[in-house]
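Chemist: Questions regarding the structure given below will be posed in turn.
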Amino acid sequence: MGHVLGPQERTLAEAGTVGQRGLITSLDPRVRIVMSVVFAVVVVSLSTLPALTAALMIALSLLVPSRLPWRKTLKRMAMMDSFIIFMLVLLPFTMPGDPMFTIWGFPASWQGLWKAVEIALTANAVILTVMVLVGTMEPVTLGHALHRLRCPETLVHLLMFTIRYIDVLHEEYQRLRAAMKVRGFRPGTNWHTYRSFGYLVGMMLVRAIERSERILGAMKCRGFSGKMLLLQDYSINRRDIVFAAGLGALCLALILVEFA
């Protein structure tokens, strides 16, 4: 038995769970994946502030046809910024160049500041585009689209099983944590706590292996042959071609702005 995509396994927006059906969610998933990769490659290759600012504006404009909630989407993007904020703050002090000001004997350079702004614009433009084009897909839809793009089946299976069983492992972790609390465990900064968390990780690995063996046995009993079977085929229509051509033209315009 291969993994089958039925009519009920569509994108969240198509199923009506995110909101009204938008232009982005109605596009072919393969087109969305390919164009997000093309846009990301183009943006990463840019280095001038006007071109990067234009790329961020294009990424923000994609939010309109996607009909995603602005506040929630931008909040998720801000969470990504929190991972690089320390690098952006320290970059002016670690990159040599013309001094801007000095703090405790450490000069901050203009070149480091512009490099930090460049990295921030690049990261936000790429992550926002990926969130709009790819992040609105159901995991099953993403897996089947990658399979249609001739990605290795092993990697596609690994992706789909990982997404599918993350929640299962999380529930297993919650049960183990609840058992520890019932037995009076209270975390602290001592060897007993470190040893207990080590046992927790070990039990998670043991139970994950046991569950994977049971899942493999169940799949073999149902005739799993390692192949993906699709009940719904993808087809590229005029809307997909127009979207790909439009975003491709914008990518070309960004390259022209970069060299201008």
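We name chains A, B, ... following the order of the structure tokens; residues begin at 1 in each chain, and ligands are numbered from 1 as shown.
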Please provide as a PyMOL selection string all residues within 10 Å of A:Thr129, with the sequence filter that same-chain residues fewer than 5 positions apart are discarded (counting only C-alpha atoms).
Modeler: chain A and resi 32+35-37+39-40+55-56+58-63+124+134-135
Chemist: Write out the residues from the selection above, keeping N, CA and C atoms, as a PDB file, in the first residue's frame.
Modeler:
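Output below, filename selection-v9.pdb:
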```pdb
ATOM      1  N   ARG A  32       4.374  26.323  -7.156  1.00  0.00           N
ATOM      2  CA  ARG A  32       4.686  27.090  -5.951  1.00  0.00           C
ATOM      3  C   ARG A  32       6.059  26.715  -5.394  1.00  0.00           C
ATOM      4  N   MET A  35       8.859  28.015  -7.956  1.00  0.00           N
ATOM      5  CA  MET A  35       9.003  29.470  -7.959  1.00  0.00           C
ATOM      6  C   MET A  35       9.552  29.982  -6.627  1.00  0.00           C
ATOM      7  N   SER A  36       9.223  29.327  -5.525  1.00  0.00           N
ATOM      8  CA  SER A  36       9.809  29.740  -4.244  1.00  0.00           C
ATOM      9  C   SER A  36      11.313  29.491  -4.237  1.00  0.00           C
ATOM     10  N   VAL A  37      11.749  28.378  -4.842  1.00  0.00           N
ATOM     11  CA  VAL A  37      13.184  28.096  -4.929  1.00  0.00           C
ATOM     12  C   VAL A  37      13.872  29.112  -5.837  1.00  0.00           C
ATOM     13  N   PHE A  39      12.889  32.176  -6.574  1.00  0.00           N
ATOM     14  CA  PHE A  39      12.919  33.485  -5.913  1.00  0.00           C
ATOM     15  C   PHE A  39      13.966  33.511  -4.809  1.00  0.00           C
ATOM     16  N   ALA A  40      14.072  32.430  -4.033  1.00  0.00           N
ATOM     17  CA  ALA A  40      15.056  32.387  -2.947  1.00  0.00           C
ATOM     18  C   ALA A  40      16.476  32.453  -3.487  1.00  0.00           C
ATOM     19  N   ALA A  55      12.906  43.171  -3.136  1.00  0.00           N
ATOM     20  CA  ALA A  55      12.570  41.760  -2.931  1.00  0.00           C
ATOM     21  C   ALA A  55      11.659  41.573  -1.726  1.00  0.00           C
ATOM     22  N   LEU A  56      11.918  42.314  -0.647  1.00  0.00           N
ATOM     23  CA  LEU A  56      11.058  42.228   0.528  1.00  0.00           C
ATOM     24  C   LEU A  56       9.665  42.761   0.219  1.00  0.00           C
ATOM     25  N   ILE A  58       8.193  42.602  -2.681  1.00  0.00           N
ATOM     26  CA  ILE A  58       7.532  41.564  -3.479  1.00  0.00           C
ATOM     27  C   ILE A  58       7.012  40.455  -2.567  1.00  0.00           C
ATOM     28  N   ALA A  59       7.833  40.058  -1.586  1.00  0.00           N
ATOM     29  CA  ALA A  59       7.401  39.017  -0.651  1.00  0.00           C
ATOM     30  C   ALA A  59       6.181  39.466   0.146  1.00  0.00           C
ATOM     31  N   LEU A  60       6.163  40.723   0.564  1.00  0.00           N
ATOM     32  CA  LEU A  60       5.001  41.234   1.295  1.00  0.00           C
ATOM     33  C   LEU A  60       3.765  41.301   0.407  1.00  0.00           C
ATOM     34  N   SER A  61       3.968  41.619  -0.867  1.00  0.00           N
ATOM     35  CA  SER A  61       2.820  41.700  -1.781  1.00  0.00           C
ATOM     36  C   SER A  61       2.193  40.334  -2.023  1.00  0.00           C
ATOM     37  N   LEU A  62       2.968  39.253  -1.842  1.00  0.00           N
ATOM     38  CA  LEU A  62       2.402  37.911  -2.011  1.00  0.00           C
ATOM     39  C   LEU A  62       1.415  37.563  -0.903  1.00  0.00           C
ATOM     40  N   LEU A  63       1.457  38.293   0.209  1.00  0.00           N
ATOM     41  CA  LEU A  63       0.501  38.045   1.286  1.00  0.00           C
ATOM     42  C   LEU A  63      -0.924  38.396   0.877  1.00  0.00           C
ATOM     43  N   ASN A 124      14.392  37.832   5.658  1.00  0.00           N
ATOM     44  CA  ASN A 124      12.958  38.084   5.765  1.00  0.00           C
ATOM     45  C   ASN A 124      12.251  37.891   4.429  1.00  0.00           C
ATOM     46  N   VAL A 134       4.914  27.894   0.180  1.00  0.00           N
ATOM     47  CA  VAL A 134       5.064  26.493   0.579  1.00  0.00           C
ATOM     48  C   VAL A 134       4.428  26.217   1.934  1.00  0.00           C
ATOM     49  N   GLY A 135       4.489  27.182   2.840  1.00  0.00           N
ATOM     50  CA  GLY A 135       3.977  26.956   4.183  1.00  0.00           C
ATOM     51  C   GLY A 135       2.480  26.765   4.260  1.00  0.00           C
TER      52      GLY A 135
END
```
Chemist: Quick one: residues within 10 Å of A:Arg76, only C-alpha atoms counted, chain neighbours fewer than 4 positions away excluded, as an mmCIF file with N, CA and C atoms, in the first residue's frame?
Modeler:
```cif
data_model
loop_
_atom_site.group_PDB
_atom_site.id
_atom_site.type_symbol
_atom_site.label_atom_id
_atom_site.label_comp_id
_atom_site.auth_asym_id
_atom_site.auth_seq_id
_atom_site.Cartn_x
_atom_site.Cartn_y
_atom_site.Cartn_z
ATOM 1 N N ARG A 71 -1.142 39.691 10.713
ATOM 2 C CA ARG A 71 -0.518 39.770 12.031
ATOM 3 C C ARG A 71 0.130 38.451 12.418
ATOM 4 N N LYS A 72 -0.546 37.352 12.206
ATOM 5 C CA LYS A 72 0.000 36.045 12.579
ATOM 6 C C LYS A 72 1.211 35.697 11.726
ATOM 7 N N MET A 80 11.433 34.185 13.598
ATOM 8 C CA MET A 80 12.652 33.804 12.881
ATOM 9 C C MET A 80 13.745 34.846 13.094
ATOM 10 N N ASP A 81 13.366 36.129 13.107
ATOM 11 C CA ASP A 81 14.351 37.181 13.317
ATOM 12 C C ASP A 81 15.025 37.084 14.679
ATOM 13 N N ILE A 127 12.189 33.929 3.791
ATOM 14 C CA ILE A 127 11.334 33.169 4.697
ATOM 15 C C ILE A 127 9.876 33.532 4.499
ATOM 16 N N LEU A 128 9.576 34.795 4.207
ATOM 17 C CA LEU A 128 8.190 35.187 3.981
ATOM 18 C C LEU A 128 7.647 34.558 2.702
ATOM 19 N N MET A 131 6.996 30.908 3.391
ATOM 20 C CA MET A 131 5.804 30.758 4.214
ATOM 21 C C MET A 131 4.534 30.908 3.387
#
```
Chemist: Measuring between only C-alpha atoms, which one of A:Gly112, A:Gly226, A:Pro107, A:Pro69 shows the shortest distance to A:Val89?
Modeler: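 Of the candidates, the smallest distance to A:Val89 is held by A:Gly112.
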Chemist: Please provide the set of residues having any atom within 8 Å of A:Met160, restricted to only C-alpha atoms, with same-chain residues fewer than 2 positions apart removed, written as a PyMOL selection string.
Modeler: chain A and resi 139-140+143+156-158+162-164
Chemist: Could you state the separation of atom CA of A:Ile33 and atom CA of A:Ala116 in Å, given to one decimal place?
Modeler: 27.9 Å
Chemist: Choose the residue, out of A:Ala249, A:Val117, A:Pro29, A:Pro65, that has the smallest atom-to-atom separation from A:Ser47; count only C-alpha atoms.
Modeler: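 Nearest to A:Ser47: A:Val117.
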Chemist: Pull the helix (DSSP H, G or I) assignments for stretch 101-241 of chain A out of DSSP run on the backbone, and list those residues as a PyMOL selection string.
Modeler: chain A and resi 110-133+139-148+153-182+191-221+238-241
Chemist: So that I can see what lies close to A:Ala54, please list as number ranges by chain the residues with an atom at most 10 Å from it, counting only C-alpha atoms and leaving out residues fewer than 5 positions away in the same chain.
Modeler: A: 43, 49, 59-60, 121, 125, 250, 253-254, 257
Chemist: Residues near stretch 149-154 of chain A, anyone? I mean within 9 Å using only C-alpha atoms, not counting same-chain ones fewer than 5 positions away, as a list in words.
Modeler: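 Everything that qualifies: Arg30, Val34, His144, Leu159, Gly226, Lys227 and Met228 of chain A.
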Chemist: Please produce a file of the residues just selected, as an mmCIF file, in the first residue's frame, where the atoms kept are N, CA, C and O atoms.
Modeler:
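Output file result20.cif follows:
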```
data_model
loop_
_atom_site.group_PDB
_atom_site.id
_atom_site.type_symbol
_atom_site.label_atom_id
_atom_site.label_comp_id
_atom_site.auth_asym_id
_atom_site.auth_seq_id
_atom_site.Cartn_x
_atom_site.Cartn_y
_atom_site.Cartn_z
ATOM 1 N N ARG A 30 3.407 22.193 -7.421
ATOM 2 C CA ARG A 30 4.731 22.102 -8.044
ATOM 3 C C ARG A 30 5.216 23.485 -8.480
ATOM 4 O O ARG A 30 6.403 23.822 -8.327
ATOM 5 N N VAL A 34 8.646 25.328 -7.088
ATOM 6 C CA VAL A 34 9.703 25.731 -8.020
ATOM 7 C C VAL A 34 9.925 27.236 -7.970
ATOM 8 O O VAL A 34 11.071 27.716 -7.901
ATOM 9 N N HIS A 144 3.658 14.888 -2.062
ATOM 10 C CA HIS A 144 3.302 14.428 -3.393
ATOM 11 C C HIS A 144 3.801 15.384 -4.477
ATOM 12 O O HIS A 144 4.162 14.940 -5.571
ATOM 13 N N LEU A 159 10.412 12.636 4.754
ATOM 14 C CA LEU A 159 9.759 13.895 5.100
ATOM 15 C C LEU A 159 8.346 13.668 5.594
ATOM 16 O O LEU A 159 7.936 14.205 6.640
ATOM 17 N N GLY A 226 6.654 0.539 -1.056
ATOM 18 C CA GLY A 226 7.601 1.636 -1.185
ATOM 19 C C GLY A 226 7.277 2.609 -2.294
ATOM 20 O O GLY A 226 8.089 3.482 -2.593
ATOM 21 N N LYS A 227 6.114 2.484 -2.894
ATOM 22 C CA LYS A 227 5.711 3.355 -3.985
ATOM 23 C C LYS A 227 4.571 4.255 -3.542
ATOM 24 O O LYS A 227 3.762 3.890 -2.690
ATOM 25 N N MET A 228 4.523 5.444 -4.144
ATOM 26 C CA MET A 228 3.445 6.385 -3.876
ATOM 27 C C MET A 228 2.351 6.224 -4.929
ATOM 28 O O MET A 228 2.630 6.234 -6.123
#
```
Chemist: Work out how far apart atom CA of A:Ile119 and atom CA of A:Leu46 are and give it in Å to one decimal.
Modeler: 10.3 Å
